[in-house]
>>> print(open('my_file_27.cif').read())   # mmCIF, C-alpha atoms and all ligand atoms
data_input
loop_
_atom_site.label_atom_id
_atom_site.label_comp_id
_atom_site.auth_asym_id
_atom_site.auth_seq_id
_atom_site.Cartn_x
_atom_site.Cartn_y
_atom_site.Cartn_z
CA MET A 12 -1.75 13.37 -17.41
CA ALA A 13 -1.28 12.62 -13.73
CA THR A 14 -3.72 14.26 -11.36
CA SER A 15 -3.30 15.09 -7.69
CA GLU A 16 -5.09 11.79 -6.98
CA THR A 17 -2.68 9.67 -9.00
CA VAL A 18 0.72 10.75 -7.64
CA LYS A 19 1.03 8.98 -4.31
CA PRO A 20 4.01 8.41 -2.04
CA TYR A 21 3.98 4.61 -2.28
CA ASN A 22 2.96 2.14 -4.94
CA ASP A 23 0.26 0.42 -2.96
CA GLN A 24 -3.52 0.35 -2.88
CA ALA A 25 -4.07 2.67 0.10
CA ALA A 26 -5.68 6.07 -0.52
CA LYS A 27 -3.33 9.00 -1.09
CA LYS A 28 -4.37 10.52 2.24
CA GLU A 29 -3.31 7.45 4.22
CA GLN A 30 -0.05 7.19 2.32
CA VAL A 31 0.72 10.89 2.84
CA ALA A 32 0.04 10.58 6.59
CA ASP A 33 2.29 7.47 6.78
CA MET A 34 5.05 9.20 4.86
CA PHE A 35 5.03 12.29 7.10
CA ASN A 36 4.89 10.07 10.19
CA ASN A 37 8.03 8.35 8.87
CA ILE A 38 9.97 11.55 8.18
CA SER A 39 8.77 13.76 11.06
CA GLY A 40 12.05 13.42 12.97
CA THR A 41 14.23 14.75 10.14
CA TYR A 42 11.64 16.98 8.43
CA ASP A 43 12.73 20.37 9.83
CA PHE A 44 16.44 19.78 9.25
CA LEU A 45 15.98 18.55 5.66
CA ASN A 46 13.51 21.28 4.87
CA HIS A 47 15.93 24.10 5.64
CA PHE A 48 18.97 22.18 4.34
CA LEU A 49 17.46 21.27 0.97
CA SER A 50 15.97 24.72 0.39
CA LEU A 51 19.27 26.33 1.49
CA GLY A 52 17.23 28.24 4.06
CA ILE A 53 15.19 30.09 1.40
CA ASP A 54 11.98 28.53 2.74
CA ILE A 55 12.33 30.76 5.82
CA ILE A 56 12.22 33.88 3.60
CA TRP A 57 9.20 32.56 1.66
CA ARG A 58 7.36 31.77 4.89
CA ARG A 59 7.95 35.25 6.35
CA LYS A 60 6.87 36.90 3.11
CA ALA A 61 3.66 34.89 3.03
CA ILE A 62 2.83 35.71 6.65
CA ARG A 63 3.53 39.43 6.17
CA THR A 64 0.84 39.61 3.46
CA LEU A 65 -1.65 39.22 6.32
CA LYS A 66 -0.25 42.06 8.44
CA ALA A 67 -2.60 44.75 7.16
CA ALA A 68 -5.66 42.56 7.80
CA ASN A 69 -4.54 42.03 11.42
CA PRO A 70 -6.19 38.59 11.78
CA GLN A 71 -6.90 37.46 15.36
CA TYR A 72 -8.07 33.87 14.75
CA LEU A 73 -5.95 31.91 12.36
CA LEU A 74 -6.04 28.36 11.07
CA ASP A 75 -2.85 26.82 9.71
CA VAL A 76 -3.83 23.81 7.60
CA ALA A 77 -1.20 21.05 7.06
CA THR A 78 0.68 22.67 9.93
CA GLY A 79 3.17 19.76 10.16
CA THR A 80 5.88 20.45 12.71
CA GLY A 81 4.40 23.89 13.34
CA ASP A 82 7.13 26.18 11.99
CA PHE A 83 4.79 28.25 9.84
CA ALA A 84 2.27 28.67 12.66
CA LEU A 85 5.03 29.62 15.14
CA GLU A 86 6.36 32.23 12.73
CA ALA A 87 2.82 33.58 12.16
CA LEU A 88 2.40 33.86 15.93
CA ARG A 89 5.63 35.86 16.18
CA ILE A 90 4.93 38.20 13.25
CA LEU A 91 1.16 38.72 13.47
CA LYS A 92 0.61 38.36 17.23
CA PRO A 93 -2.95 37.05 16.86
CA LYS A 94 -5.08 35.92 19.82
CA LYS A 95 -5.06 32.30 18.67
CA ILE A 96 -3.75 29.99 15.98
CA ILE A 97 -4.98 26.47 15.47
CA GLY A 98 -2.85 24.10 13.42
CA VAL A 99 -4.42 21.06 11.81
CA ASP A 100 -2.69 18.09 10.17
CA ILE A 101 -3.35 14.44 9.27
CA SER A 102 0.04 13.23 10.54
CA ALA A 103 0.17 12.46 14.26
CA GLY A 104 3.98 12.19 14.03
CA MET A 105 4.39 15.70 12.63
CA LEU A 106 2.01 17.08 15.27
CA GLU A 107 4.02 15.40 18.01
CA VAL A 108 7.08 17.43 16.94
CA ALA A 109 4.92 20.59 16.83
CA ARG A 110 3.59 19.90 20.35
CA GLU A 111 7.12 19.58 21.73
CA LYS A 112 8.06 22.97 20.24
CA ILE A 113 4.91 24.61 21.60
CA ALA A 114 5.54 23.19 25.08
CA ARG A 115 9.22 24.22 25.06
CA ARG A 116 8.20 27.79 24.21
CA ASN A 117 5.30 27.80 26.61
CA LEU A 118 2.87 28.88 23.89
CA GLY A 119 0.10 26.38 24.57
CA ASP A 120 -2.52 29.05 25.27
CA ARG A 121 -1.99 30.74 21.89
CA LEU A 122 -1.13 27.88 19.56
CA GLU A 123 -2.94 24.57 19.56
CA VAL A 124 -2.53 21.71 17.10
CA VAL A 125 -5.17 19.12 16.29
CA LEU A 126 -5.34 16.01 14.16
CA GLY A 127 -7.68 16.66 11.25
CA ASP A 128 -8.20 16.53 7.54
CA SER A 129 -8.25 19.57 5.25
CA GLU A 130 -11.13 18.02 3.35
CA ASN A 131 -13.32 17.74 6.40
CA LEU A 132 -12.17 20.41 8.82
CA PRO A 133 -13.50 20.05 12.37
CA PHE A 134 -14.65 23.71 12.58
CA ALA A 135 -17.88 25.63 12.04
CA ASP A 136 -18.49 27.79 8.98
CA ASN A 137 -17.03 31.33 9.06
CA THR A 138 -14.74 30.72 12.05
CA PHE A 139 -11.33 32.16 11.08
CA ASP A 140 -10.07 35.58 9.99
CA ALA A 141 -7.46 33.86 7.85
CA VAL A 142 -6.32 30.39 6.83
CA THR A 143 -2.75 29.57 5.80
CA VAL A 144 -1.32 26.48 4.08
CA ALA A 145 2.44 26.17 3.55
CA PHE A 146 3.63 23.31 1.32
CA GLY A 147 0.47 21.36 2.09
CA VAL A 148 -1.99 21.72 -0.80
CA ARG A 149 0.19 19.60 -3.13
CA ASN A 150 -0.40 16.68 -0.79
CA PHE A 151 -4.19 16.94 -0.58
CA GLU A 152 -5.96 13.89 -1.92
CA ASN A 153 -8.69 16.05 -3.40
CA LEU A 154 -7.37 19.58 -3.93
CA GLU A 155 -10.68 21.19 -4.80
CA LYS A 156 -12.48 19.62 -1.85
CA GLY A 157 -9.73 20.75 0.53
CA LEU A 158 -9.79 24.32 -0.74
CA ALA A 159 -13.61 24.39 -0.64
CA ASP A 160 -13.60 23.34 3.00
CA ILE A 161 -10.97 25.98 3.78
CA CYS A 162 -13.25 28.55 2.14
CA ARG A 163 -16.14 27.32 4.29
CA VAL A 164 -14.31 27.98 7.59
CA VAL A 165 -12.98 31.46 6.62
CA LYS A 166 -15.11 34.42 7.66
CA PRO A 167 -16.56 36.51 4.81
CA GLY A 168 -13.87 39.05 3.93
CA GLY A 169 -11.20 36.77 5.41
CA LYS A 170 -8.10 35.59 3.58
CA VAL A 171 -6.45 32.40 2.46
CA VAL A 172 -2.67 32.42 1.99
CA VAL A 173 -1.05 29.44 0.28
CA LEU A 174 2.63 28.75 -0.32
CA GLU A 175 3.54 25.90 -2.63
CA PHE A 176 6.38 24.74 -4.83
CA SER A 177 5.93 25.54 -8.49
CA LYS A 178 7.77 24.87 -11.73
CA PRO A 179 10.19 27.53 -13.00
CA ARG A 180 9.45 28.13 -16.68
CA HIS A 181 12.67 29.68 -18.02
CA PHE A 182 16.24 28.70 -18.89
CA PRO A 183 18.53 28.18 -16.98
CA VAL A 184 16.61 28.05 -13.69
CA LYS A 185 14.17 25.50 -15.12
CA GLN A 186 17.02 23.09 -15.99
CA LEU A 187 18.98 23.69 -12.78
CA TYR A 188 15.87 23.25 -10.68
CA ARG A 189 14.98 19.98 -12.47
CA PHE A 190 18.43 18.60 -11.84
CA TYR A 191 18.44 19.69 -8.19
CA PHE A 192 14.91 18.49 -7.47
CA ASN A 193 15.05 15.23 -9.44
CA ARG A 194 18.61 14.15 -8.56
CA VAL A 195 20.09 16.02 -5.59
CA THR A 196 17.00 16.22 -3.36
CA PRO A 197 16.13 12.46 -3.53
CA PHE A 198 19.81 11.56 -2.98
CA ILE A 199 20.20 13.72 0.14
CA GLY A 200 16.71 12.77 1.31
CA LYS A 201 17.66 9.08 1.17
CA LEU A 202 20.83 9.71 3.15
CA PHE A 203 19.18 11.54 6.02
CA SER A 204 15.58 10.41 6.09
CA LYS A 205 14.16 7.05 7.14
CA ASP A 206 11.84 7.07 4.15
CA ARG A 207 13.57 6.44 0.81
CA ARG A 208 10.48 7.32 -1.19
CA ALA A 209 9.58 10.65 0.43
CA TYR A 210 12.11 12.76 -1.43
CA SER A 211 11.37 11.27 -4.84
CA TYR A 212 7.63 11.77 -4.24
CA LEU A 213 8.45 15.46 -3.69
CA PRO A 214 9.48 16.33 -7.31
CA GLU A 215 6.76 14.05 -8.72
CA SER A 216 4.06 15.78 -6.71
CA VAL A 217 5.36 19.23 -7.71
CA GLU A 218 5.41 18.18 -11.37
CA GLN A 219 1.75 17.23 -11.41
CA PHE A 220 0.53 20.13 -9.25
CA PRO A 221 -1.65 22.71 -11.04
CA ASP A 222 0.49 25.76 -10.28
CA GLY A 223 0.15 29.41 -11.31
CA SER A 224 -3.12 30.48 -12.94
CA ARG A 225 -4.48 26.93 -12.81
CA PHE A 226 -4.36 27.14 -9.03
CA THR A 227 -5.95 30.60 -8.83
CA ASP A 228 -8.71 29.31 -11.15
CA ILE A 229 -9.46 26.61 -8.55
CA LEU A 230 -9.37 29.16 -5.72
CA ARG A 231 -11.99 31.23 -7.56
CA HIS A 232 -14.03 28.16 -8.39
CA VAL A 233 -14.35 27.21 -4.69
CA GLY A 234 -15.44 30.72 -3.66
CA PHE A 235 -12.42 33.01 -3.24
CA SER A 236 -12.11 36.32 -5.09
CA HIS A 237 -9.36 38.94 -5.61
CA THR A 238 -6.92 36.09 -6.15
CA VAL A 239 -3.24 36.88 -6.41
CA CYS A 240 -0.41 34.66 -7.69
CA ARG A 241 3.14 35.80 -6.86
CA PRO A 242 6.02 33.58 -8.02
CA GLN A 243 9.02 33.64 -5.65
CA THR A 244 12.72 33.05 -6.44
CA PHE A 245 12.42 32.50 -10.23
CA GLY A 246 9.17 30.58 -9.79
CA ILE A 247 10.54 27.80 -7.53
CA CYS A 248 7.76 28.59 -5.12
CA THR A 249 4.53 30.57 -5.51
CA LEU A 250 2.53 32.59 -3.04
CA TYR A 251 -1.23 32.61 -3.62
CA ILE A 252 -3.74 34.84 -1.84
CA GLY A 253 -7.52 34.88 -2.00
CA THR A 254 -10.34 36.70 -0.21
CA LYS A 255 -13.66 35.13 0.74
C1 LIG A 301 5.45 19.43 3.45
S1 LIG A 301 4.58 19.36 4.99
C2 LIG A 301 4.37 21.07 5.37
C3 LIG A 301 4.33 21.33 6.85
C4 LIG A 301 4.34 22.79 7.27
N1 LIG A 301 3.17 23.51 6.81
C5 LIG A 301 5.59 23.50 6.80
O1 LIG A 301 5.47 24.52 6.17
O2 LIG A 301 6.69 23.03 7.10
C6 LIG A 301 2.97 18.89 4.45
C7 LIG A 301 2.02 18.55 5.55
O3 LIG A 301 0.72 18.42 5.01
C8 LIG A 301 0.02 17.47 5.77
N2 LIG A 301 -1.18 17.08 5.03
C9 LIG A 301 -1.24 16.44 3.84
N3 LIG A 301 -2.51 16.24 3.48
C10 LIG A 301 -3.29 16.77 4.45
C11 LIG A 301 -4.69 16.87 4.64
N4 LIG A 301 -5.55 16.36 3.77
N5 LIG A 301 -5.13 17.49 5.75
C12 LIG A 301 -4.26 18.00 6.67
N6 LIG A 301 -2.93 17.93 6.54
C13 LIG A 301 -2.44 17.32 5.44
C14 LIG A 301 1.05 16.39 5.97
O4 LIG A 301 0.73 15.48 7.00
C15 LIG A 301 2.31 17.23 6.26
O5 LIG A 301 2.50 17.44 7.63
#
>>> encode(input="my_file_27.cif", output="structure tokens")
Amino acid sequence: MATSETVKPYNDQAAKKEQVADMFNNISGTYDFLNHFLSLGIDIIWRRKAIRTLKAANPQYLLDVATGTGDFALEALRILKPKKIIGVDISAGMLEVAREKIARRNLGDRLEVVLGDSENLPFADNTFDAVTVAFGVRNFENLEKGLADICRVVKPGGKVVVLEFSKPRHFPVKQLYRFYFNRVTPFIGKLFSKDRRAYSYLPESVEQFPDGSRFTDILRHVGFSHTVCRPQTFGICTLYIGTK
């Protein structure tokens, strides 16, 4: 069976991490448009739902791992009104788009983005009240290592909130989803994006990702407790929560 190490964007010798960074650099210009278009806008609802799970905890220092073009962090800033959010990502191209948005909205004092790797986060232990990852964990080269380092930088009692695509299990959503994700998404992706491979890597990486209870098992293994797994929209996406 494929593991998260074996499904890579391109068929070359480079490590998954390098290939993922290259791929997101290639698609950064069309990423936001295709994201909302291909998900029919549902991703916006998933993102808000994920962020609202943190409302009661009222986190003041947040880290958004795999922040990409910054949409999740910007929405978290709007909903949670924390003192500071730091976004970290391995793709300089995606961060460039995020920086433009932050500058346009004049939010530089509350949202900062930095180049960095989830598996070796440039922060001290127990720094953040909460860490979020939206549609990022599937791309980690070493999932367990990435989640362990996230656990390291969360304060004791702090939360991790993860959103990721998952595989619907039941007829007819399972079949419809397969068709949409395996046929429609790569076709539209090829039309609009500069990278022909990016939108066929997407269903492949979702297919091999350890979703549902397999993912919460890993969260517990790296040090989180009180784990929660909440499938969204017939299981197309899943929201995971853990407490350190
Ligand atoms: C599908 S995008 C998600 C972006 C954003 N969170 C969102 O919700 O739109 C995945 C992002 O994960 C980043 N990424 C992948 N592996 C990473 C790693 N090891 N460390 C940090 N970022 C990573 C990619 O560069 C990309 O920007």
>>> residues_around(input="my_file_27.cif", residues="stretch 83-86 of chain A", least_positions_apart="6", cutoff="10 Å", atoms="only C-alpha atoms", output="ChimeraX atom specification")
/A:55,58-59,61-62,73-77,92,96-98,109,112-113,116,118,121-124,143-146
>>> residues_near_ligand(input="my_file_27.cif", ligand="ligand LIG 301 (chain A)", cutoff="7 Å", atoms="all atoms listed in the file", output="ChimeraX atom specification")
/A:28,31-32,35,76-83,99-102,105,127-130,144-148,150-152,157
>>> write_last_selection(input="my_file_27.cif", atoms="C-alpha atoms", output="short mmCIF file (atom, residue, chain, number, x, y, z; two decimals), keeping the file's coordinate frame")
data_model
loop_
_atom_site.label_atom_id
_atom_site.label_comp_id
_atom_site.auth_asym_id
_atom_site.auth_seq_id
_atom_site.Cartn_x
_atom_site.Cartn_y
_atom_site.Cartn_z
CA LYS A 28 -4.37 10.52 2.24
CA VAL A 31 0.72 10.89 2.84
CA ALA A 32 0.04 10.58 6.59
CA PHE A 35 5.03 12.29 7.10
CA VAL A 76 -3.83 23.81 7.60
CA ALA A 77 -1.20 21.05 7.06
CA THR A 78 0.68 22.67 9.93
CA GLY A 79 3.17 19.76 10.16
CA THR A 80 5.88 20.45 12.71
CA GLY A 81 4.40 23.89 13.34
CA ASP A 82 7.13 26.18 11.99
CA PHE A 83 4.79 28.25 9.84
CA VAL A 99 -4.42 21.06 11.81
CA ASP A 100 -2.69 18.09 10.17
CA ILE A 101 -3.35 14.44 9.27
CA SER A 102 0.04 13.23 10.54
CA MET A 105 4.39 15.70 12.63
CA GLY A 127 -7.68 16.66 11.25
CA ASP A 128 -8.20 16.53 7.54
CA SER A 129 -8.25 19.57 5.25
CA GLU A 130 -11.13 18.02 3.35
CA VAL A 144 -1.32 26.48 4.08
CA ALA A 145 2.44 26.17 3.55
CA PHE A 146 3.63 23.31 1.32
CA GLY A 147 0.47 21.36 2.09
CA VAL A 148 -1.99 21.72 -0.80
CA ASN A 150 -0.40 16.68 -0.79
CA PHE A 151 -4.19 16.94 -0.58
CA GLU A 152 -5.96 13.89 -1.92
CA GLY A 157 -9.73 20.75 0.53
#
>>> closest_atom_pairs(input="my_file_27.cif", of="stretch 175-247 of chain A", to="stretch 21-27 of chain A", cutoff="10 Å", atoms="all atoms listed in the file", output="JSON lines")
{"residue": "A:Arg208", "atom": "CA", "partner": "A:Tyr21", "partner_atom": "CA", "distance": 7.1}
{"residue": "A:Ala209", "atom": "CA", "partner": "A:Tyr21", "partner_atom": "CA", "distance": 8.7}
{"residue": "A:Tyr212", "atom": "CA", "partner": "A:Tyr21", "partner_atom": "CA", "distance": 8.3}
>>> atom_distance(input="my_file_27.cif", atom1="atom CA of A:Thr138", atom2="atom CA of A:Gly104")
26.4 Å
>>> atom_distance(input="my_file_27.cif", atom1="atom CA of A:Asn193", atom2="atom CA of A:Gln243")
19.7 Å
>>> closest_residue(input="my_file_27.cif", among="A:Gly168, A:Gly52, A:Pro179, A:Pro221", to="A:His237", atoms="all atoms listed in the file")
A:Gly168
>>> residues_around(input="my_file_27.cif", residues="A:Gly246", least_positions_apart="2", cutoff="12 Å", atoms="only C-alpha atoms", output="VMD selection string")
chain A and resid 57 174 to 182 184 to 185 188 222 to 223 240 to 244 248 to 250
>>> residues_around(input="my_file_27.cif", residues="A:Cys162", least_positions_apart="5", cutoff="10 Å", atoms="only C-alpha atoms", output="list in words")
Asp136, Asn137, Phe139, Ala141, Val142, Lys156, Gly157, Pro167, Gly169, Lys170, Val171, Leu230, Val233, Gly234, Phe235, Gly253, Thr254 and Lys255 of chain A
>>> residues_near_point(input="my_file_27.cif", point="(14.2, 10.2, 6.0)", cutoff="12 Å", atoms="only C-alpha atoms", output="list in words")
Met34, Phe35, Asn36, Asn37, Ile38, Ser39, Gly40, Thr41, Tyr42, Asp43, Phe44, Leu45, Asn46, Thr196, Pro197, Phe198, Ile199, Gly200, Lys201, Leu202, Phe203, Ser204, Lys205, Asp206, Arg207, Arg208, Ala209, Tyr210 and Ser211 of chain A
